[in-house]
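Down below is the structure, laid out as structure tokens.
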Amino acid sequence: MKKRDYRSGLRGGFTLVELMVVLAVLGILASITVPGMLGFVDQGREKKVIINGQSAYLAAVTLAGESFSAGEPYPSPEEVAALAQVPGQVTELHFDEERGKVRAEEDAPFCYEENGTAVRLADGSWEVVEA
């Protein structure tokens, strides 16, 4: 084992070139990974809005069935959002008056909006739309 002479002022460590190379490599790795991660954040945000929209839709279906059975008026979009306990708002809600069901068709979709992201259910599929 080699002894070091600390009195001479020379100490072991990294040179400036080595540190710059490490920083350059880290910068390259960050520039490759960060844009990909931002895409996942956006996808996650959209998925969360779809899930909250599904909760609101199920609440609407439940309230519509109860209202139809009891002969009461159909629920408002605000009542649906309150029952579902979702942070957004139901922007379009249509009922089939004869059968007491929520309509979710192309001409009468179920729409939900949260934090500037809107989703709609029409003909059995959810899609993100412009808010």
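To be explicit about the labels: the chains of the structure tokens are called A, B, and onward in the order shown, and within each one the residues are counted from 1, while ligands get numbers from 1 in the order they are shown.
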Inset, instruction - Within 8 Å of Glu92 of chain A, counting only C-alpha atoms, which residues show up once you throw out same-chain ones fewer than 3 positions away? Write them as a ChimeraX atom specification, please. - result: /A:77,109-112
Inset, instruction - Have a look at A:Asp96, A:Leu26, A:Leu38, A:Glu46 and name the one nearest to Glu130 of chain A; count only C-alpha atoms. - result: A:Glu46
Mind checking which residues fall within 12 Å of segment 47-52 of chain A, counting only C-alpha atoms, ignoring those fewer than 4 positions away in the same chain, and posting them as an mmCIF file with N, CA and C atoms, in the first residue's frame?
```cif
data_model
loop_
_atom_site.group_PDB
_atom_site.id
_atom_site.type_symbol
_atom_site.label_atom_id
_atom_site.label_comp_id
_atom_site.auth_asym_id
_atom_site.auth_seq_id
_atom_site.Cartn_x
_atom_site.Cartn_y
_atom_site.Cartn_z
ATOM 1 N N PHE A 40 -45.487 10.312 -20.772
ATOM 2 C CA PHE A 40 -46.164 9.434 -19.821
ATOM 3 C C PHE A 40 -46.996 10.234 -18.834
ATOM 4 N N VAL A 41 -46.530 11.412 -18.460
ATOM 5 C CA VAL A 41 -47.287 12.261 -17.544
ATOM 6 C C VAL A 41 -48.599 12.691 -18.203
ATOM 7 N N ASP A 42 -48.537 13.091 -19.478
ATOM 8 C CA ASP A 42 -49.752 13.484 -20.193
ATOM 9 C C ASP A 42 -50.716 12.310 -20.341
ATOM 10 N N GLN A 43 -50.190 11.145 -20.661
ATOM 11 C CA GLN A 43 -51.037 9.958 -20.793
ATOM 12 C C GLN A 43 -51.690 9.608 -19.459
ATOM 13 N N ALA A 56 -68.308 9.087 -13.025
ATOM 14 C CA ALA A 56 -69.461 9.982 -13.171
ATOM 15 C C ALA A 56 -70.557 9.318 -14.000
ATOM 16 N N TYR A 57 -70.165 8.590 -15.040
ATOM 17 C CA TYR A 57 -71.154 7.900 -15.880
ATOM 18 C C TYR A 57 -71.900 6.835 -15.071
ATOM 19 N N LEU A 58 -71.173 6.069 -14.273
ATOM 20 C CA LEU A 58 -71.832 5.050 -13.448
ATOM 21 C C LEU A 58 -72.771 5.682 -12.429
ATOM 22 N N ALA A 59 -72.374 6.834 -11.880
ATOM 23 C CA ALA A 59 -73.263 7.549 -10.959
ATOM 24 C C ALA A 59 -74.522 8.018 -11.692
ATOM 25 N N VAL A 80 -74.922 14.444 -10.416
ATOM 26 C CA VAL A 80 -74.146 13.280 -10.852
ATOM 27 C C VAL A 80 -72.699 13.406 -10.389
ATOM 28 N N ALA A 81 -72.091 14.578 -10.602
ATOM 29 C CA ALA A 81 -70.692 14.789 -10.195
ATOM 30 C C ALA A 81 -70.547 14.698 -8.678
ATOM 31 N N ALA A 82 -71.547 15.197 -7.948
ATOM 32 C CA ALA A 82 -71.488 15.132 -6.486
ATOM 33 C C ALA A 82 -71.564 13.686 -5.998
ATOM 34 N N LEU A 83 -72.457 12.882 -6.592
ATOM 35 C CA LEU A 83 -72.569 11.482 -6.181
ATOM 36 C C LEU A 83 -71.284 10.712 -6.508
ATOM 37 N N ALA A 84 -70.712 10.992 -7.665
ATOM 38 C CA ALA A 84 -69.497 10.280 -8.075
ATOM 39 C C ALA A 84 -68.267 10.757 -7.311
ATOM 40 N N GLN A 85 -68.370 11.902 -6.648
ATOM 41 C CA GLN A 85 -67.255 12.497 -5.900
ATOM 42 C C GLN A 85 -66.032 12.693 -6.791
ATOM 43 N N VAL A 86 -66.266 13.310 -7.943
ATOM 44 C CA VAL A 86 -65.189 13.596 -8.882
ATOM 45 C C VAL A 86 -64.943 15.096 -8.893
ATOM 46 N N PRO A 87 -63.700 15.520 -9.159
ATOM 47 C CA PRO A 87 -63.384 16.951 -9.118
ATOM 48 C C PRO A 87 -63.859 17.740 -10.331
ATOM 49 N N GLY A 88 -64.201 17.068 -11.412
ATOM 50 C CA GLY A 88 -64.592 17.766 -12.633
ATOM 51 C C GLY A 88 -66.092 17.970 -12.712
ATOM 52 N N GLN A 89 -66.548 18.228 -13.933
ATOM 53 C CA GLN A 89 -67.969 18.467 -14.126
ATOM 54 C C GLN A 89 -68.489 17.707 -15.340
ATOM 55 N N VAL A 90 -69.716 17.287 -15.237
ATOM 56 C CA VAL A 90 -70.393 16.638 -16.355
ATOM 57 C C VAL A 90 -70.909 17.751 -17.254
ATOM 58 N N PHE A 110 -72.161 11.270 -23.580
ATOM 59 C CA PHE A 110 -71.945 11.644 -22.185
ATOM 60 C C PHE A 110 -70.559 12.289 -22.142
ATOM 61 N N CYS A 111 -70.477 13.526 -21.661
ATOM 62 C CA CYS A 111 -69.195 14.246 -21.655
ATOM 63 C C CYS A 111 -68.828 14.686 -20.249
ATOM 64 N N TYR A 112 -67.534 14.625 -19.957
ATOM 65 C CA TYR A 112 -66.990 14.988 -18.651
ATOM 66 C C TYR A 112 -65.727 15.810 -18.868
ATOM 67 N N GLU A 113 -65.535 16.846 -18.054
ATOM 68 C CA GLU A 113 -64.358 17.704 -18.180
ATOM 69 C C GLU A 113 -63.715 17.929 -16.814
ATOM 70 N N GLU A 114 -62.380 17.892 -16.818
ATOM 71 C CA GLU A 114 -61.625 18.096 -15.579
ATOM 72 C C GLU A 114 -60.280 18.737 -15.915
ATOM 73 N N ASN A 115 -59.988 19.856 -15.284
ATOM 74 C CA ASN A 115 -58.704 20.557 -15.452
ATOM 75 C C ASN A 115 -58.335 20.794 -16.917
ATOM 76 N N GLY A 116 -59.293 21.194 -17.718
ATOM 77 C CA GLY A 116 -59.014 21.500 -19.112
ATOM 78 C C GLY A 116 -58.950 20.296 -20.044
ATOM 79 N N THR A 117 -59.149 19.096 -19.517
ATOM 80 C CA THR A 117 -59.167 17.890 -20.345
ATOM 81 C C THR A 117 -60.599 17.361 -20.372
ATOM 82 N N ALA A 118 -61.120 17.154 -21.577
ATOM 83 C CA ALA A 118 -62.495 16.674 -21.715
ATOM 84 C C ALA A 118 -62.498 15.290 -22.350
ATOM 85 N N VAL A 119 -63.414 14.450 -21.884
ATOM 86 C CA VAL A 119 -63.591 13.114 -22.456
ATOM 87 C C VAL A 119 -65.067 12.930 -22.776
ATOM 88 N N ARG A 120 -65.318 12.058 -23.734
ATOM 89 C CA ARG A 120 -66.708 11.769 -24.096
ATOM 90 C C ARG A 120 -66.880 10.282 -24.297
ATOM 91 N N LEU A 121 -68.071 9.817 -23.924
ATOM 92 C CA LEU A 121 -68.463 8.429 -24.143
ATOM 93 C C LEU A 121 -69.561 8.432 -25.185
ATOM 94 N N SER A 125 -67.336 3.754 -26.440
ATOM 95 C CA SER A 125 -65.895 4.001 -26.316
ATOM 96 C C SER A 125 -65.638 5.403 -25.799
ATOM 97 N N TRP A 126 -64.608 5.508 -24.960
ATOM 98 C CA TRP A 126 -64.193 6.784 -24.387
ATOM 99 C C TRP A 126 -63.110 7.379 -25.258
ATOM 100 N N GLU A 127 -63.171 8.701 -25.437
ATOM 101 C CA GLU A 127 -62.124 9.385 -26.189
ATOM 102 C C GLU A 127 -61.882 10.758 -25.575
ATOM 103 N N VAL A 128 -60.631 11.192 -25.670
ATOM 104 C CA VAL A 128 -60.256 12.532 -25.215
ATOM 105 C C VAL A 128 -60.573 13.500 -26.346
ATOM 106 N N VAL A 129 -61.249 14.595 -26.014
ATOM 107 C CA VAL A 129 -61.643 15.596 -27.009
ATOM 108 C C VAL A 129 -61.125 16.962 -26.586
#
```
Inset, instruction - Using backbone DSSP assignments, extract all alpha helix (DSSP H) residues from chain A; output them as a PyMOL selection string. - result: chain A and resi 16-70+77-84
